[in-house]
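Written below as structure tokens is the structure these notes are about.
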Amino acid sequence: KIFQAAVSCIGRDGTIYIIPKSFEIELKKLMTEIQSNFRCLGLLEPYCWKKGEACVVRGSDTMWYRGKVVELGGSTVQVQYIDRGYIERIPQCHLYPTALYTDIPPFCIPCQLYKTVPVGNSWQQGAVDCLQELLANEEVEIHVQELPDNPWGKLSINLYFGGMSLSSFVVYQKYSVAEDCQDISELVRFVFPVSPSYTLPLLPNPGDTFPDRVTHLVSPKEV
């Protein structure tokens with residue numbers, strides 16, 4: 001299957017979170033409903049959070065998002081925005097527990113590159129930062145290769161941006177190795193385009209008169 005999507009974020013473990021273009025309208029409807037239902041909330045009274053608990057999160061843009069508690073720690077809670085994929089540590093006063101919308105599956109899909117293994121078997125921070133800068137909020141083309149064994153697993157994909165394979169890109173950058181990466185040569189031509197051939201002009205014969213243009217003076221006797 002092939003479809004268009006937007007990359008919402010790159011996880012710390014190299015997971016690529018995408019939102020299919022076909023989901024965008026329904027996601028906007030859900031976000032509008034969430035803002036309407038939670039915009040008048042006051043401060044939450046002290047609450048004992050549990051790992052895996054559903055919540056809504058007030059983001060830095062003051063919008064409310066669906067979330068899930070992934071880690072507890074003092075006055076802050078680590079939360080995953082389930083429709084975006086990214087994880088943040090949030091003050092508890094910016095969260096609200098809720099059972100609303102838990103029956104709606106996440107709109108973002110976690111993905112991994114098909115037959116592409118990171119160097120050292122885990123994605124290094126430099127690679128994650130590079131992919132985040134390269135792909136965040138970009139529209140890409142997704143080619144599904146393998147479905148996960150369970151509904152919450154990662155989709156194995158080939159991802160193309162600007163007509164270029166992401167697998168080939170990370171192999172070329174030495175972030176990973178690949179079992180099947182056929183378009184490395186195309187990537188090399190993309191990164192280092194072949195310059196057109198240039199033929200030197202013929203020099204005039206000794207004694208010939210020809211027009212010329214002075215570009216600069218080096219010294220009174222040298223032009």
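In the structure tokens, chains take letters A, B, ... by order of appearance, with residues numbered from 1 within each chain and ligands from 1 in the order shown.
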
Checklist line | Spatial neighbours of region 58-71 of chain A, 9 Å, only C-alpha atoms, chain gap at least 4 places, as number ranges by chain | finding: A: 31, 34-35, 38-39, 49-54, 77-83, 87, 89-90, 94-96, 101-102, 106

Next item on the list: Determine which residues of region 6-211 of chain A receive a DSSP assignment of strand (DSSP E), computed from the backbone, and state them as a PyMOL selection string.
Entry: chain A and resi 6-10+16-20+54-58+64-73+76-81+87-91+95-97+109-113+116-118+139-146+155-161+164-165+176-178

Checklist line | Selected residue of minimal separation from Lys28 (chain A) among A:Val57, A:Ile10, A:Glu146, A:Phe107, counting only C-alpha atoms | finding: A:Phe107

Next item on the list: Provide the CA of Val144 (chain A) to CA of Ile16 (chain A) distance in Å, to one decimal place.
Entry: 13.2 Å

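CA of Ala178 (chain A) sits 22.4 Å away from CA of Ile109 (chain A).
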
Selection near Tyr175 (chain A), 7 Å with only C-alpha atoms, sequence-local residues under 2 positions removed, as a compact mmCIF listing (two decimals) with C-alpha atoms, in the first residue's frame:
# COMPACT_ATOMS: atom_id res chain seq x y z
CA PRO A 118 20.94 1.49 12.84
CA VAL A 119 24.67 1.31 13.45
CA ALA A 127 20.84 10.57 13.67
CA VAL A 170 20.57 7.17 6.40
CA VAL A 171 22.83 4.52 4.87
CA GLN A 173 25.10 9.26 6.08

Check: So which residues touch His143 (chain A) within 9 Å, counting only C-alpha atoms, skipping near sequence neighbours fewer than 6 positions away, as a PyMOL selection string?
Finding: chain A and resi 1-3+156-160

Next item on the list: Could you give me the residues within region 79-144 of chain A that DSSP places in helix (DSSP H, G or I), as number ranges by chain?
Entry: A: 92-94, 119-121, 125-135

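Between CA of Ile18 (chain A) and CA of Cys111 (chain A) the separation is 7.4 Å.
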
Check: Given the choices A:Cys9, A:Ile19, A:Cys40, A:Leu100, which gets closest to Val128 (chain A) if the distance is worked out from only C-alpha atoms?
Finding: A:Cys9

Item checked: Nearest candidate to Trp152 (chain A) (options A:Tyr17, A:Pro110, A:Lys115, A:Ala6; using only C-alpha atoms) -> A:Pro110

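Nearest to Tyr47 (chain A) of all the residues A:Ser176, A:Cys130, A:Phe210, A:Thr76 is A:Thr76, based on only C-alpha atoms.
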
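In this comparison, which uses only C-alpha atoms, the residue of A:Leu41, A:Leu113, A:Leu30, A:Cys55 approaching Lys154 (chain A) most closely is A:Leu113.
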